[in-house]
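Asker: Next comes the structure file input25.tsv, holding TSV, C-alpha atoms.
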chain	number	residue	atom	x	y	z
A	1	MET	CA	142.52	140.68	123.00
A	2	THR	CA	141.76	141.96	126.45
A	3	HIS	CA	139.44	144.96	126.40
A	4	GLU	CA	139.85	147.78	128.90
A	5	ALA	CA	137.61	147.95	131.93
A	6	PRO	CA	134.84	150.55	131.51
A	7	SER	CA	134.83	153.77	133.45
A	8	GLY	CA	133.31	153.44	136.89
A	9	ALA	CA	134.43	149.83	137.22
A	10	ALA	CA	133.57	148.20	140.50
A	11	ARG	CA	135.98	148.62	143.39
A	12	PRO	CA	137.41	145.53	145.07
A	13	ALA	CA	134.85	144.11	147.43
A	14	PRO	CA	135.79	144.42	151.13
A	15	GLU	CA	136.61	141.08	152.68
A	16	PRO	CA	135.01	140.08	155.97
A	17	PRO	CA	137.35	139.90	159.01
A	18	ALA	CA	139.46	136.82	159.37
A	19	PRO	CA	137.91	134.14	161.60
A	20	SER	CA	140.92	134.07	164.00
A	21	ALA	CA	140.83	137.81	164.70
A	22	GLU	CA	137.08	137.70	165.23
A	23	GLY	CA	137.51	134.78	167.66
A	24	ARG	CA	140.08	136.68	169.68
A	25	ARG	CA	137.79	139.72	169.93
A	26	ASN	CA	134.91	137.51	171.09
A	27	ARG	CA	137.05	135.90	173.79
A	28	ARG	CA	138.26	139.27	175.07
A	29	SER	CA	134.69	140.56	175.09
A	30	THR	CA	133.50	137.50	177.04
A	31	VAL	CA	136.29	137.88	179.62
A	32	ALA	CA	135.46	141.57	180.05
A	33	VAL	CA	131.78	140.84	180.61
A	34	VAL	CA	132.58	138.12	183.16
A	35	ALA	CA	134.99	140.45	184.94
A	36	VAL	CA	132.39	143.24	185.09
A	37	CYS	CA	129.78	140.81	186.42
A	38	ALA	CA	132.21	139.49	189.04
A	39	GLY	CA	133.02	143.05	190.12
A	40	ILE	CA	129.31	143.88	190.45
A	41	TRP	CA	128.76	140.73	192.53
A	42	LEU	CA	131.66	141.54	194.85
A	43	ALA	CA	130.51	145.15	195.25
A	44	THR	CA	126.98	144.01	196.07
A	45	VAL	CA	128.14	141.44	198.64
A	46	GLY	CA	130.54	143.94	200.26
A	47	ALA	CA	127.79	146.57	200.58
A	48	VAL	CA	125.43	144.06	202.23
A	49	ALA	CA	128.19	142.88	204.60
A	50	LEU	CA	128.72	146.46	205.79
A	51	VAL	CA	125.04	147.02	206.44
A	52	SER	CA	123.95	143.62	207.76
A	53	PRO	CA	126.54	140.86	208.18
A	54	ASP	CA	123.85	138.25	208.90
A	55	ALA	CA	122.27	138.76	205.46
A	56	VAL	CA	125.51	138.15	203.55
A	57	PRO	CA	124.76	134.52	202.52
A	58	VAL	CA	121.27	135.38	201.22
A	59	ALA	CA	122.48	138.54	199.54
A	60	ALA	CA	125.40	136.68	198.02
A	61	SER	CA	123.07	134.07	196.52
A	62	VAL	CA	120.63	136.63	195.13
A	63	ALA	CA	123.44	138.80	193.82
A	64	ALA	CA	125.10	135.75	192.23
A	65	ALA	CA	121.85	134.77	190.51
A	66	LEU	CA	121.16	138.29	189.25
A	67	THR	CA	124.75	138.72	188.15
A	68	ALA	CA	124.69	135.38	186.29
A	69	LEU	CA	121.45	136.37	184.51
A	70	GLY	CA	122.94	139.70	183.61
A	71	CYS	CA	126.09	138.08	182.29
A	72	VAL	CA	124.12	135.57	180.19
A	73	GLY	CA	121.84	138.29	178.78
A	74	THR	CA	124.80	140.51	177.99
A	75	LEU	CA	126.68	137.66	176.30
A	76	VAL	CA	123.60	136.66	174.26
A	77	ALA	CA	123.03	140.24	173.18
A	78	ARG	CA	126.66	140.66	172.16
A	79	ARG	CA	126.62	137.41	170.21
A	80	ARG	CA	123.48	138.50	168.37
A	81	ALA	CA	125.05	141.85	167.64
A	82	ALA	CA	128.18	140.07	166.33
A	83	ARG	CA	126.11	137.82	164.06
A	84	THR	CA	124.20	140.84	162.76
A	85	GLN	CA	127.47	142.62	162.09
A	86	ARG	CA	128.86	139.62	160.23
A	87	ALA	CA	125.68	139.32	158.16
A	88	LEU	CA	125.84	143.01	157.34
A	89	LEU	CA	129.45	142.74	156.25
A	90	ALA	CA	128.63	139.68	154.11
A	91	GLU	CA	125.74	141.53	152.42
A	92	ARG	CA	127.97	144.50	151.74
A	93	ALA	CA	130.56	142.22	150.18
A	94	ARG	CA	127.87	140.48	148.11
A	95	ALA	CA	126.49	143.83	146.96
A	96	ALA	CA	129.97	144.92	145.95
A	97	ARG	CA	130.47	141.69	143.96
A	98	LEU	CA	127.11	142.11	142.21
A	99	GLU	CA	127.97	145.71	141.38
A	100	ALA	CA	131.28	144.59	139.89
A	101	GLU	CA	129.56	141.84	137.85
A	102	LEU	CA	126.94	144.32	136.64
A	103	ASP	CA	129.64	146.75	135.54
A	104	ALA	CA	131.46	143.97	133.70
A	105	LEU	CA	128.21	142.83	132.05
A	106	HIS	CA	127.43	146.40	130.97
A	107	ALA	CA	130.93	146.74	129.50
A	108	ASP	CA	130.58	143.44	127.59
A	109	LEU	CA	127.16	144.43	126.25
A	110	GLU	CA	128.61	147.69	124.96
A	111	ARG	CA	131.49	145.75	123.39
A	112	ALA	CA	129.10	143.25	121.80
A	113	ALA	CA	126.92	145.99	120.28
A	114	GLY	CA	129.76	148.25	119.20
A	115	HIS	CA	132.35	145.74	118.04
A	116	SER	CA	131.52	142.02	118.19
A	117	LEU	CA	128.25	142.04	116.22
A	118	PRO	CA	129.47	144.39	113.44
A	119	TRP	CA	132.64	142.28	113.12
A	120	ALA	CA	130.59	139.06	112.97
A	121	THR	CA	128.26	140.57	110.36
A	122	ASP	CA	131.22	141.41	108.13
A	123	GLY	CA	132.55	137.87	108.52
A	124	VAL	CA	129.21	136.23	107.64
A	125	GLN	CA	128.69	138.54	104.65
A	126	SER	CA	132.09	137.49	103.33
A	127	ARG	CA	130.55	133.98	102.94
A	128	ALA	CA	132.39	132.46	105.90
A	129	SER	CA	130.50	129.89	107.96
A	130	ALA	CA	129.39	130.64	111.50
A	131	ASP	CA	131.85	128.09	112.96
A	132	THR	CA	134.71	129.64	110.99
A	133	VAL	CA	133.85	133.17	112.10
A	134	LEU	CA	133.63	132.17	115.76
A	135	ALA	CA	136.80	130.06	115.66
A	136	GLU	CA	138.90	132.75	114.01
A	137	GLY	CA	137.63	135.64	116.12
A	138	GLU	CA	138.14	134.53	119.68
A	139	GLU	CA	139.64	137.89	120.63
A	140	HIS	CA	136.61	139.74	119.27
A	141	LEU	CA	134.09	137.96	121.48
A	142	PRO	CA	132.94	139.26	124.89
A	143	SER	CA	134.28	137.55	128.00
A	144	HIS	CA	131.00	137.36	129.92
A	145	PRO	CA	129.47	133.89	129.29
A	146	ALA	CA	125.90	135.14	128.82
A	147	VAL	CA	126.88	137.93	126.41
A	148	ARG	CA	129.24	135.60	124.58
A	149	ASN	CA	126.45	133.06	124.13
A	150	LEU	CA	124.19	135.85	122.86
A	151	VAL	CA	126.75	136.90	120.24
A	152	GLU	CA	127.35	133.29	119.14
A	153	THR	CA	123.60	132.72	118.76
A	154	ALA	CA	123.30	135.92	116.72
A	155	VAL	CA	126.18	134.85	114.46
A	156	ARG	CA	124.61	131.44	113.81
A	157	SER	CA	121.23	133.06	113.11
A	158	MET	CA	122.81	135.50	110.65
A	159	TYR	CA	124.58	132.64	108.89
A	160	ALA	CA	121.37	130.59	108.66
A	161	GLU	CA	119.49	133.59	107.21
A	162	ARG	CA	122.27	134.19	104.69
A	163	ARG	CA	122.05	130.55	103.59
A	164	ARG	CA	118.28	130.79	103.22
A	165	LEU	CA	118.62	133.98	101.21
A	166	ALA	CA	121.27	132.41	98.99
A	167	SER	CA	119.07	129.36	98.45
A	168	ALA	CA	116.07	131.51	97.59
A	169	LEU	CA	118.15	133.51	95.12
A	170	SER	CA	119.45	130.26	93.64
A	171	VAL	CA	115.88	129.03	93.17
A	172	LEU	CA	114.89	132.27	91.50
A	173	GLU	CA	118.00	132.23	89.31
A	174	SER	CA	117.34	128.65	88.25
A	175	GLY	CA	113.69	129.41	87.52
A	176	ALA	CA	114.52	132.55	85.59
A	177	SER	CA	117.10	130.66	83.52
A	178	ARG	CA	114.59	127.94	82.68
A	179	VAL	CA	111.92	130.50	81.80
A	180	GLN	CA	114.37	132.32	79.56
A	181	ALA	CA	115.38	129.06	77.87
A	182	ALA	CA	111.74	128.08	77.36
A	183	VAL	CA	110.85	131.50	75.94
A	184	THR	CA	113.85	131.39	73.62
A	185	ALA	CA	112.86	127.93	72.37
A	186	GLN	CA	109.26	129.03	71.91
A	187	VAL	CA	110.27	132.14	69.98
A	188	ALA	CA	112.51	130.05	67.72
A	189	GLU	CA	109.72	127.53	67.13
A	190	LEU	CA	107.27	130.33	66.47
A	191	ASP	CA	109.64	131.91	63.92
A	192	ARG	CA	109.99	128.57	62.16
A	193	ARG	CA	106.29	127.80	62.04
A	194	LYS	CA	105.04	131.25	61.09
A	195	LEU	CA	106.80	131.29	57.69
A	196	PRO	CA	103.96	129.61	55.77
A	197	TYR	CA	101.51	132.21	57.13
A	198	TRP	CA	103.71	135.11	55.99
A	199	GLN	CA	103.72	134.23	52.29
A	200	ASP	CA	103.02	136.99	49.80
A	201	ASP	CA	101.02	134.71	47.54
A	202	VAL	CA	97.40	135.53	48.38
A	203	HIS	CA	96.27	132.25	46.84
A	204	ALA	CA	98.44	130.20	49.16
A	205	SER	CA	96.63	128.59	52.01
A	206	VAL	CA	97.68	126.55	55.04
A	207	PRO	CA	95.72	123.34	55.72
A	208	HIS	CA	93.70	123.25	58.93
A	209	SER	CA	95.61	120.16	60.01
A	210	GLN	CA	98.86	122.11	59.78
A	211	VAL	CA	97.38	125.00	61.78
A	212	ARG	CA	96.28	122.60	64.48
A	213	LYS	CA	99.68	120.92	64.49
A	214	ASP	CA	101.43	124.27	64.86
A	215	LEU	CA	99.19	125.41	67.71
A	216	GLU	CA	99.61	122.12	69.57
A	217	ALA	CA	103.38	122.37	69.26
A	218	LEU	CA	103.33	125.88	70.72
A	219	ASP	CA	100.99	124.71	73.46
A	220	ARG	CA	103.42	121.93	74.40
A	221	LEU	CA	106.21	124.48	74.72
A	222	LEU	CA	104.08	126.84	76.79
A	223	ALA	CA	102.68	124.28	79.28
A	224	PRO	CA	105.94	123.64	81.19
A	225	MET	CA	106.34	127.39	81.71
A	226	ASP	CA	103.02	127.41	83.56
A	227	LEU	CA	104.24	124.64	85.87
A	228	LEU	CA	107.55	126.41	86.47
A	229	ALA	CA	105.86	129.75	87.21
A	230	GLN	CA	103.53	128.14	89.75
A	231	ARG	CA	106.46	126.29	91.34
A	232	LEU	CA	108.28	129.58	91.88
A	233	LEU	CA	105.14	131.15	93.34
A	234	VAL	CA	104.70	128.28	95.80
A	235	LEU	CA	108.36	128.27	96.86
A	236	THR	CA	108.26	132.02	97.52
A	237	GLY	CA	105.27	131.55	99.87
A	238	ALA	CA	102.38	132.74	97.69
A	239	ARG	CA	99.04	131.84	99.28
A	240	ARG	CA	97.05	131.93	96.06
A	241	THR	CA	98.15	130.63	92.68
A	242	GLY	CA	96.08	130.22	89.54
A	243	ARG	CA	92.52	131.21	88.82
A	244	PRO	CA	89.71	130.82	91.39
A	245	TRP	CA	87.29	127.91	91.03
A	246	PRO	CA	83.81	128.69	92.39
A	247	ARG	CA	82.53	125.10	92.00
A	248	PRO	CA	84.00	121.63	92.58
A	249	VAL	CA	86.02	120.24	89.66
A	250	PRO	CA	85.76	116.55	88.68
A	251	ILE	CA	88.78	114.39	89.44
A	252	ALA	CA	89.29	113.53	85.75
A	253	ASN	CA	89.49	117.21	84.83
A	254	VAL	CA	92.00	117.88	87.61
A	255	VAL	CA	94.18	115.03	86.35
A	256	ARG	CA	93.97	116.20	82.72
A	257	ALA	CA	94.91	119.75	83.73
A	258	ALA	CA	97.93	118.36	85.60
A	259	VAL	CA	98.97	116.15	82.67
A	260	GLY	CA	98.72	119.10	80.28
A	261	ARG	CA	101.47	120.98	82.10
A	262	SER	CA	104.12	118.51	80.96
A	263	GLU	CA	105.69	118.87	77.53
A	264	ASP	CA	105.77	115.11	77.03
A	265	PHE	CA	102.14	114.60	78.09
A	266	THR	CA	101.47	112.04	75.34
A	267	ARG	CA	103.31	109.43	77.41
A	268	VAL	CA	100.82	109.74	80.28
A	269	VAL	CA	97.99	107.21	80.44
A	270	ALA	CA	95.18	108.11	82.86
A	271	ALA	CA	92.95	105.13	83.64
A	272	LEU	CA	90.25	106.92	85.65
A	273	PRO	CA	86.86	105.32	86.25
A	274	PRO	CA	83.92	107.63	86.99
A	275	VAL	CA	84.37	109.08	90.48
A	276	PRO	CA	81.42	110.67	92.31
A	277	GLN	CA	83.63	113.20	94.13
A	278	GLY	CA	85.34	116.30	92.83
A	279	VAL	CA	87.88	118.66	94.34
A	280	ARG	CA	86.38	121.69	96.06
A	281	GLY	CA	87.20	125.08	94.56
A	282	PRO	CA	89.83	126.38	97.07
A	283	ALA	CA	91.91	123.20	96.73
A	284	VAL	CA	91.73	122.77	92.93
A	285	ASN	CA	94.89	124.69	92.06
A	286	ALA	CA	96.85	122.95	94.81
A	287	ALA	CA	95.70	119.51	93.63
A	288	ILE	CA	96.59	120.33	90.02
A	289	HIS	CA	100.01	121.56	91.03
A	290	VAL	CA	100.81	118.57	93.26
A	291	LEU	CA	99.85	116.14	90.51
A	292	SER	CA	101.72	118.20	87.89
A	293	GLU	CA	104.97	118.04	89.85
A	294	LEU	CA	104.70	114.29	90.44
A	295	ILE	CA	103.75	113.53	86.82
A	296	ASP	CA	106.55	115.74	85.51
A	297	ASN	CA	108.97	114.06	87.91
A	298	ALA	CA	107.87	110.61	86.68
A	299	LEU	CA	108.30	111.65	83.03
A	300	GLN	CA	111.79	113.03	83.63
A	301	PHE	CA	113.09	109.99	85.51
A	302	SER	CA	111.76	107.28	83.21
A	303	PRO	CA	112.92	106.28	79.71
A	304	PRO	CA	111.30	108.32	76.89
A	305	THR	CA	109.87	105.16	75.36
A	306	THR	CA	107.89	104.19	78.47
A	307	GLN	CA	104.56	105.35	79.80
A	308	VAL	CA	103.46	106.92	83.08
A	309	HIS	CA	100.19	105.59	84.48
A	310	VAL	CA	97.76	107.57	86.63
A	311	THR	CA	95.08	105.69	88.57
A	312	VAL	CA	92.60	106.56	91.28
A	313	GLU	CA	91.58	104.66	94.41
A	314	SER	CA	88.70	105.49	96.75
A	315	ALA	CA	89.20	105.40	100.50
A	316	SER	CA	86.92	105.95	103.48
A	317	SER	CA	88.64	109.24	104.37
A	318	GLY	CA	89.31	110.56	100.87
A	319	ILE	CA	90.74	109.68	97.46
A	320	VAL	CA	94.22	108.42	96.55
A	321	LEU	CA	95.78	109.11	93.15
A	322	HIS	CA	98.73	106.92	92.09
A	323	ILE	CA	101.41	107.90	89.56
A	324	ASP	CA	103.50	104.91	88.37
A	325	ASP	CA	106.55	105.24	86.14
A	326	SER	CA	108.53	102.49	84.44
A	327	GLY	CA	112.01	103.81	85.10
A	328	LEU	CA	114.72	102.33	87.24
A	329	PRO	CA	113.87	101.95	90.94
A	330	MET	CA	115.08	104.75	93.20
A	331	ARG	CA	118.18	104.04	95.22
A	332	THR	CA	117.55	103.66	98.93
A	333	GLU	CA	119.13	107.00	99.88
A	334	THR	CA	117.35	108.82	97.02
A	335	LEU	CA	114.00	107.34	98.04
A	336	GLN	CA	114.63	108.35	101.66
A	337	ARG	CA	115.46	111.94	100.65
A	338	ALA	CA	112.28	112.15	98.60
A	339	ARG	CA	110.22	110.85	101.52
A	340	THR	CA	111.88	113.32	103.88
A	341	THR	CA	111.13	116.23	101.53
A	342	VAL	CA	107.38	115.49	101.42
A	343	ASP	CA	107.02	114.41	105.06
A	344	LEU	CA	104.63	116.88	106.71
A	345	GLU	CA	105.95	115.93	110.16
A	346	ARG	CA	109.43	117.26	109.37
A	347	PRO	CA	110.24	120.97	108.94
A	348	LEU	CA	111.14	121.90	105.38
A	349	ASP	CA	114.41	123.82	105.03
A	350	ILE	CA	114.99	125.10	101.52
A	351	THR	CA	118.74	125.34	102.21
A	352	ASP	CA	118.93	121.53	102.35
A	353	LEU	CA	117.28	121.04	98.95
A	354	SER	CA	118.99	120.47	95.65
A	355	GLY	CA	117.65	121.58	92.30
A	356	SER	CA	116.27	118.12	91.55
A	357	ARG	CA	114.06	118.21	94.63
A	358	LEU	CA	112.59	121.71	94.27
A	359	GLY	CA	109.58	120.28	92.48
A	360	LEU	CA	108.88	117.89	95.37
A	361	ALA	CA	109.27	120.74	97.87
A	362	ALA	CA	106.80	122.85	95.87
A	363	ALA	CA	104.35	119.93	95.71
A	364	ARG	CA	104.54	119.49	99.48
A	365	LEU	CA	104.04	123.22	100.16
A	366	ALA	CA	101.14	123.45	97.71
A	367	GLY	CA	99.25	120.54	99.24
A	368	GLU	CA	100.17	121.08	102.88
A	369	ARG	CA	97.48	123.72	103.48
A	370	PHE	CA	94.82	121.25	102.37
A	371	GLY	CA	96.12	118.16	104.14
A	372	MET	CA	97.32	116.45	100.94
A	373	ARG	CA	99.89	113.81	101.79
A	374	ILE	CA	102.47	112.42	99.37
A	375	GLU	CA	104.13	109.02	99.65
A	376	PHE	CA	106.76	107.20	97.60
A	377	ARG	CA	107.24	103.45	97.28
A	378	PRO	CA	108.55	100.98	94.67
A	379	SER	CA	106.06	100.33	91.87
A	380	ILE	CA	104.94	96.90	90.70
A	381	THR	CA	106.04	97.96	87.20
A	382	GLY	CA	109.63	98.16	88.37
A	383	GLY	CA	109.84	101.94	88.77
A	384	THR	CA	108.49	104.23	91.49
A	385	ARG	CA	104.94	104.91	92.64
A	386	ALA	CA	104.01	108.36	93.97
A	387	SER	CA	100.66	108.50	95.79
A	388	VAL	CA	98.67	111.63	96.64
A	389	PHE	CA	95.97	111.51	99.29
A	390	LEU	CA	93.11	114.03	98.93
A	391	PRO	CA	91.22	114.30	102.26
A	392	VAL	CA	87.44	114.05	102.26
A	393	GLN	CA	86.92	117.58	103.64
A	394	TRP	CA	88.15	118.98	100.33
A	395	LEU	CA	85.93	116.75	98.19
A	396	SER	CA	82.34	117.36	97.06
A	397	PRO	CA	79.89	115.21	95.09
A	398	VAL	CA	80.00	115.84	91.32
A	399	THR	CA	79.10	113.96	88.16
A	400	ASP	CA	82.52	112.88	86.93
A	401	SER	CA	83.13	111.63	83.43
A	402	PRO	CA	86.40	110.75	81.71
A	403	THR	CA	85.12	112.52	78.60
A	404	GLY	CA	84.17	115.77	80.33
A	405	ARG	CA	85.71	119.11	79.44
A	406	SER	CA	89.27	119.70	80.60
A	407	ALA	CA	89.75	122.03	83.54
Please go through the file and, once you have read it, give me the structure as structure tokens.

Answerer:
Amino acid sequence: MTHEAPSGAARPAPEPPAPSAEGRRNRRSTVAVVAVCAGIWLATVGAVALVSPDAVPVAASVAAALTALGCVGTLVARRRAARTQRALLAERARAARLEAELDALHADLERAAGHSLPWATDGVQSRASADTVLAEGEEHLPSHPAVRNLVETAVRSMYAERRRLASALSVLESGASRVQAAVTAQVAELDRRKLPYWQDDVHASVPHSQVRKDLEALDRLLAPMDLLAQRLLVLTGARRTGRPWPRPVPIANVVRAAVGRSEDFTRVVAALPPVPQGVRGPAVNAAIHVLSELIDNALQFSPPTTQVHVTVESASSGIVLHIDDSGLPMRTETLQRARTTVDLERPLDITDLSGSRLGLAAARLAGERFGMRIEFRPSITGGTRASVFLPVQWLSPVTDSPTGRSA
């Protein structure tokens, strides 16, 4: 669709004179100057001849020289004036062209603000892709290249933001559904286990072992909800999650806290020798969450009859914790996607993540602030090994013991 030219559109720029006409004027001007100079020379020589015939040769020479100088000066001055005139005409034409381009740009900007962008917004909100909107709306786009590029960039930015918003809502919807399912299961389990405590017989008693068994079952149902809640907080950009830790926490306690967030924690075997370093307070929650996600991931993707092993390795620049499962090895493309998700050198785009990789994305975001790096490689047990590096600047000396109190 061709839009109308705005009011006050630029007038056609005046064209400079044609070269042939200008050449003819210059030749006529040159001939006229030469004729005038020749007339002056003849008049001068004739006047001298009337007064003193003997001085005619000298006077003729002097008059010829002066006349020649005058002719040259006049011709040079006229040529300079002609060049100045041509330059002035060219500048006027250029100014007229710029004025016309400015008017066209102003008209396209008004069209972009009043029509193109609102139309593009409607198209993007109707869930069409940016390429589809731009391809189907050629007549709605401005004609000026710069304004057109501006509108196309705005359309692509709007589409990218809509995708990010949709992904964020999908994450929240998935998390809310899982929380609701976990709460429903916990309520049902609570209703089943509370019956013995609601008996009317005052002489009836529940053994302590049964009480402990009931509480542990409820604790197992509640622990995954804690992990899920912290995952949602991390993915939504929360800077602080969990309780503050004023003092360093031993490595064994951090590992046990991470293991306790998985419902099937009895399959996890932590072989942790005494380590003289502990995690400093600001990084404790992040370390727990990173380990929780990796341990939960290992439990989900390994057979329920196998174990997940957690070990620790000291390094000169920090501590490395290894999580080994006994499941099937990751396929090459799956392993590459996992490595890309946790690679701190690559930007993380939530719109490119699937539900199965949200935990890895949350682990990366939680540990990124504290320089915790995550790596994946095949395990010697046949499954996959996930390694977490804790840098030395977030470690402090503590007295670690595998039998210490859980964090």

Asker: Mind pulling up the distance from atom CA of A:Arg220 to atom CA of A:Leu390?

Answerer: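 Atom-to-atom, atom CA of A:Leu390 and atom CA of A:Arg220 are spaced 27.8 Å apart.
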
Asker: Give me the residues within 8 Å of A:Gln230 as a PyMOL selection string, counting only C-alpha atoms and dropping any in the same chain fewer than 5 places off.

Answerer: chain A and resi 241-242+289

Asker: Excluding same-chain residues fewer than 2 positions from stretch 365-371 of chain A, what lies within 10 Å of it counting all atoms listed in the file, as number ranges by chain?

Answerer: A: 230-231, 233-235, 237-241, 282-283, 285-291, 342-344, 348, 359-363, 373-374, 388-394

Asker: Take the residues that were just selected and, keeping C-alpha atoms, output them as a PDB file, in the frame of the given file.

Answerer:
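Output saved as out.pdb:
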ATOM      1  CA  GLN A 230     103.530 128.140  89.750  1.00  0.00           C
ATOM      2  CA  ARG A 231     106.460 126.290  91.340  1.00  0.00           C
ATOM      3  CA  LEU A 233     105.140 131.150  93.340  1.00  0.00           C
ATOM      4  CA  VAL A 234     104.700 128.280  95.800  1.00  0.00           C
ATOM      5  CA  LEU A 235     108.360 128.270  96.860  1.00  0.00           C
ATOM      6  CA  GLY A 237     105.270 131.550  99.870  1.00  0.00           C
ATOM      7  CA  ALA A 238     102.380 132.740  97.690  1.00  0.00           C
ATOM      8  CA  ARG A 239      99.040 131.840  99.280  1.00  0.00           C
ATOM      9  CA  ARG A 240      97.050 131.930  96.060  1.00  0.00           C
ATOM     10  CA  THR A 241      98.150 130.630  92.680  1.00  0.00           C
ATOM     11  CA  PRO A 282      89.830 126.380  97.070  1.00  0.00           C
ATOM     12  CA  ALA A 283      91.910 123.200  96.730  1.00  0.00           C
ATOM     13  CA  ASN A 285      94.890 124.690  92.060  1.00  0.00           C
ATOM     14  CA  ALA A 286      96.850 122.950  94.810  1.00  0.00           C
ATOM     15  CA  ALA A 287      95.700 119.510  93.630  1.00  0.00           C
ATOM     16  CA  ILE A 288      96.590 120.330  90.020  1.00  0.00           C
ATOM     17  CA  HIS A 289     100.010 121.560  91.030  1.00  0.00           C
ATOM     18  CA  VAL A 290     100.810 118.570  93.260  1.00  0.00           C
ATOM     19  CA  LEU A 291      99.850 116.140  90.510  1.00  0.00           C
ATOM     20  CA  VAL A 342     107.380 115.490 101.420  1.00  0.00           C
ATOM     21  CA  ASP A 343     107.020 114.410 105.060  1.00  0.00           C
ATOM     22  CA  LEU A 344     104.630 116.880 106.710  1.00  0.00           C
ATOM     23  CA  LEU A 348     111.140 121.900 105.380  1.00  0.00           C
ATOM     24  CA  GLY A 359     109.580 120.280  92.480  1.00  0.00           C
ATOM     25  CA  LEU A 360     108.880 117.890  95.370  1.00  0.00           C
ATOM     26  CA  ALA A 361     109.270 120.740  97.870  1.00  0.00           C
ATOM     27  CA  ALA A 362     106.800 122.850  95.870  1.00  0.00           C
ATOM     28  CA  ALA A 363     104.350 119.930  95.710  1.00  0.00           C
ATOM     29  CA  ARG A 373      99.890 113.810 101.790  1.00  0.00           C
ATOM     30  CA  ILE A 374     102.470 112.420  99.370  1.00  0.00           C
ATOM     31  CA  VAL A 388      98.670 111.630  96.640  1.00  0.00           C
ATOM     32  CA  PHE A 389      95.970 111.510  99.290  1.00  0.00           C
ATOM     33  CA  LEU A 390      93.110 114.030  98.930  1.00  0.00           C
ATOM     34  CA  PRO A 391      91.220 114.300 102.260  1.00  0.00           C
ATOM     35  CA  VAL A 392      87.440 114.050 102.260  1.00  0.00           C
ATOM     36  CA  GLN A 393      86.920 117.580 103.640  1.00  0.00           C
ATOM     37  CA  TRP A 394      88.150 118.980 100.330  1.00  0.00           C
TER      38      TRP A 394
END

Asker: For atom CA of A:Gln180 and atom CA of A:Lys194, quote the distance in Å rounded to one decimal.

Answerer: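 It comes out at 20.7 Å.
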
Asker: Please provide the set of residues having any atom within 10 Å of A:Ala146, restricted to all atoms listed in the file, with same-chain residues fewer than 6 positions apart removed, written as a ChimeraX atom specification.

Answerer: /A:105,108-109,152

Asker: Just how far from atom CA of A:Asp226 is atom CA of A:Val259, in Å to one decimal?

Answerer: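 Interatomic distance, atom CA of A:Val259 to atom CA of A:Asp226: 12.0 Å.
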
Asker: Tell me, as number ranges by chain, which residues lie within 12 Å of A:Ala135, counting only C-alpha atoms; anything in the same chain fewer than 4 positions away does not count.

Answerer: A: 120, 123, 128-131, 139-141, 152, 155

Asker: Between A:Ala113, A:Ala100, A:Val284, A:Ala95, which residue has the minimum interatomic distance to A:Arg243, considering only C-alpha atoms?

Answerer: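 Nearest candidate to A:Arg243 out of A:Ala113, A:Ala100, A:Val284, A:Ala95: A:Val284.
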
Asker: Quick one: residues within 12 Å of A:Gln336, only C-alpha atoms, excluding same-chain residues fewer than 4 positions away - as an MDAnalysis selection string?

Answerer: chainID A and resid 330:332 340:343 375:378

Asker: Name the closest residue to A:Ala252 among the candidates A:Ala223, A:Thr184, A:Pro207, A:Leu321; distances are taken between atoms, counting all atoms listed in the file.

Answerer: A:Leu321

Asker: Taking into account all atoms listed in the file, which residue in the set A:Val171, A:Ala77, A:Val279, A:Ala338 is nearest to A:Leu232?

Answerer: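 Among the listed residues, the smallest separation from A:Leu232 belongs to A:Val171.
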
Asker: Find the residue from A:Val76, A:Ala168, A:Ala93, A:Val398 that sits nearest to A:Asn253; use all atoms listed in the file when measuring.

Answerer: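 Counting all atoms listed in the file, the residue closest to A:Asn253 is A:Val398.
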
Asker: With distances taken over all atoms listed in the file, which of A:Glu189, A:Glu91, A:Asp296, A:Asp219 is nearest to A:Asp324?

Answerer: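 Between A:Glu189, A:Glu91, A:Asp296, A:Asp219, the residue approaching A:Asp324 most closely is A:Asp296.
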
Asker: Using all atoms listed in the file, find the one residue out of A:Glu313, A:Glu293, A:Asp191, A:Glu263 that sits nearest to A:Ala217.

Answerer: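 Nearest to A:Ala217: A:Glu263.
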
Asker: In file coordinates, which residues lie within 10 Å of (131.9, 141.8, 121.6) using all atoms listed in the file, given as a list in words?

Answerer: His3, Ala107, Asp108, Leu109, Glu110, Arg111, Ala112, Ala113, Gly114, His115, Ser116, Leu117, Pro118, Trp119, Ala120, Glu138, Glu139, His140, Leu141, Pro142, Ser143, His144, Val147, Arg148, Leu150, Val151 and Glu152 of chain A
